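Student: What follows is upload-v7.txt, compact mmCIF, C-alpha atoms.
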# COMPACT_ATOMS: atom_id res chain seq x y z
CA MET A 201 48.50 -51.22 39.46
CA GLY A 202 46.06 -50.18 36.70
CA ASN A 203 43.76 -47.40 37.89
CA GLU A 204 45.01 -47.42 41.49
CA ALA A 205 47.79 -45.13 42.68
CA PHE A 206 50.44 -46.47 45.02
CA TYR A 207 51.89 -44.03 47.52
CA TRP A 208 53.90 -44.23 50.69
CA THR A 209 55.90 -42.23 53.21
CA GLY A 210 58.24 -43.41 55.91
CA ARG A 211 55.73 -42.44 58.55
CA ALA A 212 53.61 -45.43 57.48
CA GLU A 213 56.51 -47.89 57.51
CA SER A 214 60.14 -46.96 58.03
CA TYR A 215 62.03 -50.03 56.71
CA LEU A 216 64.73 -49.46 59.32
CA ASP A 217 67.28 -52.29 59.10
CA ARG A 218 65.10 -53.90 56.43
CA PRO A 219 65.87 -53.50 52.73
CA ASP A 220 62.73 -54.12 50.70
CA ALA A 221 61.92 -54.43 47.00
CA THR A 222 58.37 -54.66 45.69
CA ARG A 223 57.08 -54.94 42.12
CA LEU A 224 54.17 -52.80 40.90
CA ASP A 225 53.41 -53.93 37.39
CA GLY A 226 56.77 -53.33 35.70
CA ILE A 227 58.07 -50.81 38.25
CA CYS A 228 60.24 -51.90 41.15
CA VAL A 229 59.95 -49.92 44.39
CA GLY A 230 62.99 -50.18 46.67
CA ARG A 231 62.96 -48.87 50.24
CA TYR A 232 65.55 -48.89 52.98
CA GLY A 233 65.27 -46.77 56.12
CA GLY A 234 68.90 -46.97 57.20
CA SER A 235 70.86 -48.84 59.84
CA SER A 236 69.82 -48.36 63.45
CA ALA A 237 73.31 -49.48 64.44
CA SER A 238 74.56 -46.25 62.83
CA GLY A 239 71.88 -44.11 64.47
CA ALA A 240 69.00 -44.23 61.99
CA ASP A 241 65.68 -43.88 63.80
CA LYS A 242 63.23 -42.61 61.15
CA ASN A 243 62.55 -42.56 57.43
CA GLU A 244 61.22 -39.34 55.91
CA ASP A 245 61.24 -40.42 52.26
CA GLY A 246 58.08 -40.76 50.19
CA LEU A 247 56.88 -41.85 46.76
CA LEU A 248 53.90 -41.98 44.45
CA VAL A 249 53.50 -44.17 41.37
CA TRP A 250 50.77 -44.73 38.84
CA SER A 251 50.48 -45.75 35.19
CA ASP A 252 47.88 -46.35 32.52
CA GLY A 253 48.27 -50.12 32.99
CA GLU A 254 48.95 -50.63 29.28
CA GLY A 255 52.58 -49.50 29.06
CA ARG A 256 51.95 -46.20 27.31
CA TRP A 257 53.06 -44.05 30.23
CA GLU A 258 54.25 -44.03 33.85
CA PHE A 259 54.05 -41.14 36.30
CA ALA A 260 56.36 -41.41 39.30
CA VAL A 261 57.42 -39.19 42.21
CA ILE A 262 60.07 -39.57 44.92
CA LEU A 263 60.50 -37.24 47.87
CA ASP A 264 63.25 -36.79 50.43
CA ALA A 265 61.98 -34.80 53.42
CA HIS A 266 63.68 -33.59 56.58
CA GLY A 267 62.25 -32.31 59.82
CA SER A 268 59.20 -34.56 59.40
CA CYS A 269 57.24 -36.39 56.71
CA GLU A 270 54.69 -33.59 56.56
CA SER A 271 56.05 -31.87 53.44
CA ALA A 272 56.26 -35.15 51.51
CA GLU A 273 52.71 -36.03 52.55
CA LEU A 274 51.50 -32.59 51.47
CA VAL A 275 52.98 -32.98 47.98
CA ILE A 276 51.53 -36.48 47.60
CA ASP A 277 48.07 -35.32 48.70
CA ALA A 278 48.19 -32.38 46.27
CA LEU A 279 49.20 -34.62 43.36
CA LEU A 280 46.48 -37.14 44.17
CA THR A 281 43.95 -34.30 44.03
CA GLU A 282 45.26 -33.38 40.57
CA ARG A 283 45.31 -36.96 39.33
CA PRO A 284 42.21 -36.68 37.08
CA SER A 285 43.70 -33.62 35.36
CA ILE A 286 47.09 -35.30 34.95
CA GLU A 287 45.64 -38.51 33.54
CA SER A 288 43.50 -36.50 31.14
CA LEU A 289 46.62 -34.71 29.89
CA LEU A 290 48.44 -37.99 29.41
CA SER A 291 45.68 -39.23 27.15
CA GLU A 292 46.65 -36.47 24.71
CA PRO A 293 49.39 -36.77 22.06
CA VAL A 294 52.84 -36.67 23.60
CA ASP A 295 53.75 -33.37 21.91
CA THR A 296 51.07 -31.56 23.93
CA ALA A 297 50.90 -33.78 27.01
CA PHE A 298 54.25 -32.77 28.52
CA SER A 299 53.66 -29.05 28.05
CA GLY A 300 50.27 -29.36 29.72
CA LEU A 301 51.71 -31.48 32.52
CA GLU A 302 54.40 -28.95 33.34
CA SER A 303 51.94 -26.05 33.28
CA THR A 304 49.49 -27.91 35.51
CA LEU A 305 52.09 -28.84 38.11
CA LEU A 306 53.63 -25.39 38.24
CA ALA A 307 50.19 -23.83 38.64
CA LEU A 308 49.51 -26.23 41.52
CA PHE A 309 52.77 -25.53 43.32
CA ARG A 310 52.52 -21.77 42.82
CA SER A 311 48.90 -21.55 43.95
CA GLU A 312 48.15 -19.55 47.10
CA ALA A 313 46.36 -22.51 48.67
CA PHE A 314 49.31 -24.88 48.23
CA ARG A 315 51.87 -22.33 49.41
CA SER A 316 49.74 -21.57 52.45
CA ASP A 317 49.63 -25.28 53.28
CA CYS A 318 53.41 -25.47 52.88
CA ALA A 319 53.90 -22.66 55.39
CA ALA A 320 52.04 -24.71 58.00
CA VAL A 321 54.10 -27.92 57.77
CA LYS A 322 57.19 -28.88 59.71
CA GLY A 323 60.23 -29.24 57.47
CA GLU A 324 60.60 -29.38 53.72
CA CYS A 325 61.40 -31.91 50.99
CA SER A 326 63.22 -32.45 47.75
CA CYS A 327 60.83 -33.61 45.05
CA LEU A 328 61.45 -35.33 41.72
CA ILE A 329 58.54 -35.92 39.34
CA VAL A 330 59.07 -38.06 36.24
CA CYS A 331 56.78 -39.09 33.41
CA ARG A 332 57.66 -41.57 30.67
CA MET A 333 55.29 -41.38 27.73
CA GLU A 334 55.83 -43.36 24.53
CA ASN A 335 59.51 -42.87 23.61
CA TYR A 336 60.10 -39.72 25.66
CA LEU A 337 60.96 -38.90 29.26
CA TRP A 338 60.01 -35.68 31.09
CA TRP A 339 60.97 -34.54 34.58
CA LEU A 340 60.61 -31.71 37.07
CA SER A 341 63.12 -31.57 39.91
CA VAL A 342 63.26 -29.50 43.10
CA GLY A 343 66.27 -30.32 45.27
CA ASP A 344 68.68 -33.22 45.29
CA CYS A 345 66.84 -36.38 44.23
CA MET A 346 68.38 -38.08 41.19
CA LEU A 347 67.17 -39.33 37.82
CA PHE A 348 69.17 -41.72 35.64
CA LEU A 349 68.45 -42.94 32.12
CA LEU A 350 70.59 -45.98 31.38
CA HIS A 351 71.20 -47.23 27.85
CA PRO A 352 74.39 -48.55 26.17
CA GLU A 353 74.55 -45.70 23.62
CA LEU A 354 74.28 -43.09 26.38
CA LEU A 355 76.75 -44.82 28.67
CA ALA A 356 79.28 -44.93 25.84
CA TRP A 357 79.35 -41.14 26.20
CA GLU A 358 79.33 -41.34 30.02
CA GLN A 359 75.80 -39.93 30.01
CA SER A 360 73.58 -41.43 32.67
CA MET A 361 72.31 -38.81 35.14
CA LEU A 362 69.71 -36.48 33.65
CA ASN A 363 69.19 -33.86 36.35
CA GLN A 364 71.63 -31.93 38.49
CA ARG A 365 71.32 -32.12 42.25
CA ASN A 366 70.57 -28.78 43.90
CA PHE A 367 71.16 -28.54 47.63
CA PHE A 368 69.21 -25.37 48.42
CA GLU A 369 65.82 -26.03 46.84
CA TRP A 370 62.83 -27.43 48.74
CA ILE A 371 59.06 -27.59 48.90
CA GLY A 372 57.56 -27.07 52.33
CA ASN A 373 58.10 -24.63 55.16
CA VAL A 374 61.07 -23.30 53.20
CA ASN A 375 59.57 -23.22 49.74
CA THR A 376 61.13 -22.44 46.37
CA PHE A 377 57.68 -21.52 45.06
CA ASP A 378 57.50 -18.62 47.51
CA LEU A 379 60.40 -16.93 45.72
CA PRO A 380 59.73 -14.11 43.24
CA VAL A 381 61.40 -16.44 40.72
CA PRO A 382 60.77 -20.07 41.76
CA CYS A 383 63.85 -22.23 41.22
CA TYR A 384 63.63 -25.77 39.86
CA SER A 385 64.81 -27.73 36.85
CA ALA A 386 62.82 -29.47 34.15
CA GLY A 387 63.79 -31.45 31.09
CA ARG A 388 62.85 -33.81 28.30
CA ARG A 389 64.77 -36.63 26.67
CA GLN A 390 64.11 -38.83 23.69
CA LEU A 391 64.73 -42.50 24.41
CA ARG A 392 67.22 -44.41 22.31
CA GLU A 393 66.18 -47.53 20.45
CA GLY A 394 66.19 -50.68 22.58
CA GLN A 395 66.22 -51.48 26.27
CA HIS A 396 66.56 -48.76 28.92
CA ALA A 397 66.50 -48.66 32.70
CA ILE A 398 64.95 -45.58 34.33
CA VAL A 399 66.18 -45.05 37.89
CA MET A 400 64.90 -42.49 40.40
CA ALA A 401 66.69 -42.26 43.74
CA THR A 402 66.84 -40.32 46.98
CA ASP A 403 70.41 -39.68 48.02
CA GLY A 404 70.91 -41.82 51.13
CA PHE A 405 73.01 -44.35 49.23
CA LEU A 406 75.69 -41.69 48.76
CA ASP A 407 76.49 -42.02 52.49
CA SER A 408 77.65 -45.58 51.91
CA GLU A 409 81.40 -46.02 51.55
CA GLY A 410 82.37 -46.56 47.94
CA CYS A 411 79.07 -45.25 46.54
CA ASP A 412 78.72 -42.18 44.37
CA VAL A 413 76.33 -41.16 41.61
CA ASN A 414 78.26 -43.32 39.14
CA VAL A 415 77.31 -46.53 40.95
CA MET A 416 73.85 -46.36 39.39
CA LYS A 417 75.08 -46.67 35.82
CA ASP A 418 76.33 -50.23 36.23
CA TRP A 419 74.00 -52.59 38.01
CA PRO A 420 70.61 -52.28 36.22
CA LEU A 421 72.09 -53.03 32.79
CA ARG A 422 73.32 -56.41 34.01
CA LEU A 423 69.71 -57.47 34.49
CA SER A 424 67.71 -59.45 31.97
CA GLY A 425 64.97 -56.84 32.01
CA SER A 426 62.44 -59.18 33.60
CA ALA A 427 60.47 -57.90 36.56
CA ARG A 428 61.84 -60.69 38.76
CA GLU A 429 65.48 -59.94 37.93
CA LEU A 430 64.87 -56.24 38.40
CA GLU A 431 63.47 -56.84 41.87
CA ARG A 432 66.46 -59.00 42.80
CA GLY A 433 68.87 -56.33 41.59
CA VAL A 434 67.20 -53.58 43.60
CA LEU A 435 67.11 -55.73 46.73
CA ALA A 436 70.79 -56.64 46.33
CA PHE A 437 71.69 -52.96 46.01
CA LEU A 438 69.79 -51.99 49.16
CA SER A 439 71.16 -55.01 51.05
CA ARG A 440 74.64 -53.77 50.23
CA LEU A 441 73.75 -50.47 51.92
CA HIS A 442 72.54 -52.31 55.01
CA ALA A 443 75.68 -54.44 55.16
CA ALA A 444 77.69 -51.21 55.11
CA ARG A 445 75.55 -49.83 57.98
CA THR A 446 74.44 -46.85 55.92
CA LYS A 447 72.59 -44.42 58.16
CA ASP A 448 70.53 -42.39 55.71
CA SER A 449 67.42 -43.75 54.01
CA THR A 450 67.31 -44.62 50.31
CA THR A 451 64.23 -44.91 48.12
CA LEU A 452 64.43 -46.21 44.55
CA LEU A 453 62.01 -46.45 41.65
CA VAL A 454 63.41 -48.52 38.80
CA TRP A 455 61.73 -49.74 35.64
CA PRO A 456 62.73 -51.05 32.21
CA VAL A 457 61.46 -49.53 28.97
CA ASN A 458 61.97 -51.20 25.60
CA ASN A 459 61.68 -48.56 22.89
CA PRO A 460 61.19 -49.85 19.33
CA HIS A 461 61.61 -46.42 17.69
CA PRO A 462 65.02 -45.24 16.37
CA GLY A 463 66.56 -42.27 18.15
CA VAL A 464 67.86 -39.24 16.30
CA MET A 465 71.37 -39.51 14.86
CA PRO A 466 73.67 -36.82 13.42
CA GLY A 467 73.82 -36.21 9.70
CA GLU A 468 76.89 -37.35 7.82
Go ahead and express the file in the form of structure tokens.
Tutor:
Amino acid sequence: MGNEAFYWTGRAESYLDRPDATRLDGICVGRYGGSSASGADKNEDGLLVWSDGEGRWEFAVILDAHGSCESAELVIDALLTERPSIESLLSEPVDTAFSGLESTLLALFRSEAFRSDCAAVKGECSCLIVCRMENYLWWLSVGDCMLFLLHPELLAWEQSMLNQRNFFEWIGNVNTFDLPVPCYSAGRRQLREGQHAIVMATDGFLDSEGCDVNVMKDWPLRLSGSARELERGVLAFLSRLHAARTKDSTTLLVWPVNNPHPGVMPGE
């Protein structure tokens, strides 16, 4: 991947009836457009991924649009325009990089030009933006896409999902950044020591019988952590959705992070 961004929306390729998993460096991209036998006829998800190519940071975005792909495409185009600024911020120390990243993105989304473009699109999207830098994870979430951080110490406390899904937030023709007080969530998390799996997901898999948000906490940690095993695990998960004739589309971004630094612990 290196210096090249990878981005996609379902307008380019829908993946109807075709679960797909693709590796980009250490990140696995999973896409499934839904079962046509259950009435699926389009995929309005989207994603954007890039990294420094050396394992210091990853910047990833997933989008779940409705009405059309236009809102997802608008967000992707806006982020690509800001890429030089974002990459410059991520070359700074982590203690200043995340603050600058959040300020830059909020300024972009609240700008008159971006909001004017949003008013002209058909439909709106949920948007989840995640950055892993060194041994920390940062996110900004509008809507109902999901972020999971999976690690044995966290799962022992039944802690896996980092953000809360919000069903009445969007970017697009209906736009949270048009409100007097824009509504979104943002957060930061220190990684624990050892192997993690970071999982970003649109919510189509929840339409599959027997699936809920807790299904994500199990399968990635059974993997060896290799890119090949990760790809197989993502494909198996999406194939399960197809076998169940799940109608809604699901997009996944999954990647392992091995953190050598100890996490904070309580005093005795």
Student: Please indicate the distance in Å from atom CA of Arg365 of chain A to atom CA of Ser316 of chain A, rounded to one decimal place.
Tutor: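 Between atom CA of Arg365 of chain A and atom CA of Ser316 of chain A the gap works out to 26.1 Å.
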Student: For segment 299-307 of chain A, find every residue with an atom within 8 Å (counting all atoms listed in the file), except residues of its own chain fewer than 5 positions away, and show them as a VMD selection string.
Tutor: chain A and resid 286 289 to 290 340
Student: Nearest residue to Leu274 of chain A out of A:Thr222, A:Ser236, A:Thr209, A:Asn363, using all atoms listed in the file?
Tutor: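 For Leu274 of chain A, the nearest of the candidates is A:Thr209.
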Student: Counting only C-alpha atoms, which of A:Arg231, A:His351, A:His266, A:Arg223 gets nearest to Gly372 of chain A?
Tutor: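 Under the stated criterion, the closest residue is A:His266.
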Student: Measuring between all atoms listed in the file, which one of A:Leu280, A:Cys331, A:Ala386, A:Ala436 shows the shortest distance to Arg256 of chain A?
Tutor: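 Closest to Arg256 of chain A, using all atoms listed in the file: A:Cys331.
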Student: If we draw a sphere of 9 Å around (56.2, -39.9, 60.8), which residues have at least one atom in it when counting all atoms listed in the file? Please report them as a list in words.
Tutor: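 Within the cut-off we find Thr209, Gly210, Arg211, Ala212, Glu213, Ser214, Lys242, Asn243, Glu244, Ser268, Cys269 and Glu270 of chain A.
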Student: When you count all atoms listed in the file, which of these residues is closest to Ile398 of chain A: A:Pro466, A:Gly255, A:Pro456, A:Gly246?
Tutor: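 Nearest to Ile398 of chain A: A:Pro456.
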Student: Figure out the distance between atom CA of Gly267 of chain A and atom CA of Ile227 of chain A, please, to one decimal in Å.
Tutor: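 Calculated distance between atom CA of Ile227 of chain A and atom CA of Gly267 of chain A is 28.7 Å.
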Student: So, with only C-alpha atoms as the atoms that count, which of A:Asp344, A:Glu324, A:Glu258, A:Asp220 lies closest to Asp403 of chain A?
Tutor: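 Smallest distance to Asp403 of chain A is found for A:Asp344.
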Student: Would you mind listing what lies within 6 Å of Val229 of chain A as a PyMOL selection string, with only C-alpha atoms counted and same-chain residues fewer than 4 positions away left out?
Tutor: chain A and resi 221-222+452-453
Student: Kindly export the residues of the current selection with C-alpha atoms, as a PDB file, in the coordinates of the input.
Tutor:
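Output file part_5.pdb follows:
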ATOM      1  CA  ALA A 221      61.920 -54.430  47.000  1.00  0.00           C
ATOM      2  CA  THR A 222      58.370 -54.660  45.690  1.00  0.00           C
ATOM      3  CA  LEU A 452      64.430 -46.210  44.550  1.00  0.00           C
ATOM      4  CA  LEU A 453      62.010 -46.450  41.650  1.00  0.00           C
TER       5      LEU A 453
END
Student: Nearest residue to Ser326 of chain A out of A:Thr402, A:Ser385, A:Gln359, A:Thr281, using all atoms listed in the file?
Tutor: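 Comparing A:Thr402, A:Ser385, A:Gln359, A:Thr281 against Ser326 of chain A, the winner is A:Thr402.
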Student: In Å, with one decimal, what is the gap from atom CA of Asp217 of chain A to atom CA of Gly233 of chain A?
Tutor: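 Those two atoms sit 6.6 Å apart.
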Student: For segment 430-458 of chain A, supply N, CA and C atoms and format the output as a PDB file, keeping the file's coordinate frame.
Tutor:
ATOM      1  N   LEU A 430      64.790 -57.631  37.967  1.00  0.00           N
ATOM      2  CA  LEU A 430      64.870 -56.240  38.400  1.00  0.00           C
ATOM      3  C   LEU A 430      64.689 -56.134  39.904  1.00  0.00           C
ATOM      4  N   GLU A 431      63.712 -56.852  40.431  1.00  0.00           N
ATOM      5  CA  GLU A 431      63.470 -56.840  41.870  1.00  0.00           C
ATOM      6  C   GLU A 431      64.678 -57.369  42.633  1.00  0.00           C
ATOM      7  N   ARG A 432      65.277 -58.439  42.141  1.00  0.00           N
ATOM      8  CA  ARG A 432      66.460 -59.000  42.800  1.00  0.00           C
ATOM      9  C   ARG A 432      67.616 -58.012  42.788  1.00  0.00           C
ATOM     10  N   GLY A 433      67.780 -57.298  41.671  1.00  0.00           N
ATOM     11  CA  GLY A 433      68.870 -56.330  41.590  1.00  0.00           C
ATOM     12  C   GLY A 433      68.697 -55.180  42.554  1.00  0.00           C
ATOM     13  N   VAL A 434      67.470 -54.667  42.672  1.00  0.00           N
ATOM     14  CA  VAL A 434      67.200 -53.580  43.600  1.00  0.00           C
ATOM     15  C   VAL A 434      67.425 -54.029  45.040  1.00  0.00           C
ATOM     16  N   LEU A 435      66.929 -55.227  45.377  1.00  0.00           N
ATOM     17  CA  LEU A 435      67.110 -55.730  46.730  1.00  0.00           C
ATOM     18  C   LEU A 435      68.579 -55.939  47.055  1.00  0.00           C
ATOM     19  N   ALA A 436      69.354 -56.436  46.102  1.00  0.00           N
ATOM     20  CA  ALA A 436      70.790 -56.640  46.330  1.00  0.00           C
ATOM     21  C   ALA A 436      71.488 -55.308  46.576  1.00  0.00           C
ATOM     22  N   PHE A 437      71.089 -54.278  45.837  1.00  0.00           N
ATOM     23  CA  PHE A 437      71.690 -52.960  46.010  1.00  0.00           C
ATOM     24  C   PHE A 437      71.407 -52.410  47.404  1.00  0.00           C
ATOM     25  N   LEU A 438      70.144 -52.503  47.836  1.00  0.00           N
ATOM     26  CA  LEU A 438      69.790 -51.990  49.160  1.00  0.00           C
ATOM     27  C   LEU A 438      70.401 -52.840  50.267  1.00  0.00           C
ATOM     28  N   SER A 439      70.525 -54.134  50.050  1.00  0.00           N
ATOM     29  CA  SER A 439      71.160 -55.010  51.050  1.00  0.00           C
ATOM     30  C   SER A 439      72.627 -54.658  51.219  1.00  0.00           C
ATOM     31  N   ARG A 440      73.249 -54.226  50.131  1.00  0.00           N
ATOM     32  CA  ARG A 440      74.640 -53.770  50.230  1.00  0.00           C
ATOM     33  C   ARG A 440      74.731 -52.541  51.142  1.00  0.00           C
ATOM     34  N   LEU A 441      73.755 -51.638  51.043  1.00  0.00           N
ATOM     35  CA  LEU A 441      73.750 -50.470  51.920  1.00  0.00           C
ATOM     36  C   LEU A 441      73.598 -50.881  53.382  1.00  0.00           C
ATOM     37  N   HIS A 442      72.735 -51.865  53.632  1.00  0.00           N
ATOM     38  CA  HIS A 442      72.540 -52.310  55.010  1.00  0.00           C
ATOM     39  C   HIS A 442      73.794 -52.975  55.553  1.00  0.00           C
ATOM     40  N   ALA A 443      74.450 -53.783  54.729  1.00  0.00           N
ATOM     41  CA  ALA A 443      75.680 -54.440  55.160  1.00  0.00           C
ATOM     42  C   ALA A 443      76.759 -53.420  55.515  1.00  0.00           C
ATOM     43  N   ALA A 444      76.726 -52.276  54.836  1.00  0.00           N
ATOM     44  CA  ALA A 444      77.690 -51.210  55.110  1.00  0.00           C
ATOM     45  C   ALA A 444      77.241 -50.290  56.240  1.00  0.00           C
ATOM     46  N   ARG A 445      76.112 -50.623  56.883  1.00  0.00           N
ATOM     47  CA  ARG A 445      75.550 -49.830  57.980  1.00  0.00           C
ATOM     48  C   ARG A 445      75.323 -48.369  57.582  1.00  0.00           C
ATOM     49  N   THR A 446      74.746 -48.187  56.403  1.00  0.00           N
ATOM     50  CA  THR A 446      74.440 -46.850  55.920  1.00  0.00           C
ATOM     51  C   THR A 446      73.330 -46.243  56.763  1.00  0.00           C
ATOM     52  N   LYS A 447      73.546 -45.038  57.241  1.00  0.00           N
ATOM     53  CA  LYS A 447      72.590 -44.420  58.160  1.00  0.00           C
ATOM     54  C   LYS A 447      71.393 -43.831  57.439  1.00  0.00           C
ATOM     55  N   ASP A 448      71.616 -43.129  56.349  1.00  0.00           N
ATOM     56  CA  ASP A 448      70.530 -42.390  55.710  1.00  0.00           C
ATOM     57  C   ASP A 448      69.631 -43.336  54.918  1.00  0.00           C
ATOM     58  N   SER A 449      68.388 -42.935  54.739  1.00  0.00           N
ATOM     59  CA  SER A 449      67.420 -43.750  54.010  1.00  0.00           C
ATOM     60  C   SER A 449      67.601 -43.586  52.494  1.00  0.00           C
ATOM     61  N   THR A 450      67.262 -44.630  51.767  1.00  0.00           N
ATOM     62  CA  THR A 450      67.310 -44.620  50.310  1.00  0.00           C
ATOM     63  C   THR A 450      66.007 -45.171  49.763  1.00  0.00           C
ATOM     64  N   THR A 451      65.420 -44.453  48.824  1.00  0.00           N
ATOM     65  CA  THR A 451      64.230 -44.910  48.120  1.00  0.00           C
ATOM     66  C   THR A 451      64.536 -44.936  46.628  1.00  0.00           C
ATOM     67  N   LEU A 452      64.176 -46.033  45.972  1.00  0.00           N
ATOM     68  CA  LEU A 452      64.430 -46.210  44.550  1.00  0.00           C
ATOM     69  C   LEU A 452      63.129 -46.523  43.814  1.00  0.00           C
ATOM     70  N   LEU A 453      62.998 -45.990  42.623  1.00  0.00           N
ATOM     71  CA  LEU A 453      62.010 -46.450  41.650  1.00  0.00           C
ATOM     72  C   LEU A 453      62.783 -46.801  40.395  1.00  0.00           C
ATOM     73  N   VAL A 454      62.633 -48.033  39.938  1.00  0.00           N
ATOM     74  CA  VAL A 454      63.410 -48.520  38.800  1.00  0.00           C
ATOM     75  C   VAL A 454      62.463 -49.268  37.866  1.00  0.00           C
ATOM     76  N   TRP A 455      62.519 -48.953  36.576  1.00  0.00           N
ATOM     77  CA  TRP A 455      61.730 -49.740  35.640  1.00  0.00           C
ATOM     78  C   TRP A 455      62.379 -49.772  34.254  1.00  0.00           C
ATOM     79  N   PRO A 456      62.197 -50.914  33.560  1.00  0.00           N
ATOM     80  CA  PRO A 456      62.730 -51.050  32.210  1.00  0.00           C
ATOM     81  C   PRO A 456      61.743 -50.524  31.180  1.00  0.00           C
ATOM     82  N   VAL A 457      62.273 -49.966  30.109  1.00  0.00           N
ATOM     83  CA  VAL A 457      61.460 -49.530  28.970  1.00  0.00           C
ATOM     84  C   VAL A 457      62.150 -50.007  27.709  1.00  0.00           C
ATOM     85  N   ASN A 458      61.444 -50.757  26.892  1.00  0.00           N
ATOM     86  CA  ASN A 458      61.970 -51.200  25.600  1.00  0.00           C
ATOM     87  C   ASN A 458      61.352 -50.337  24.515  1.00  0.00           C
TER      88      ASN A 458
END
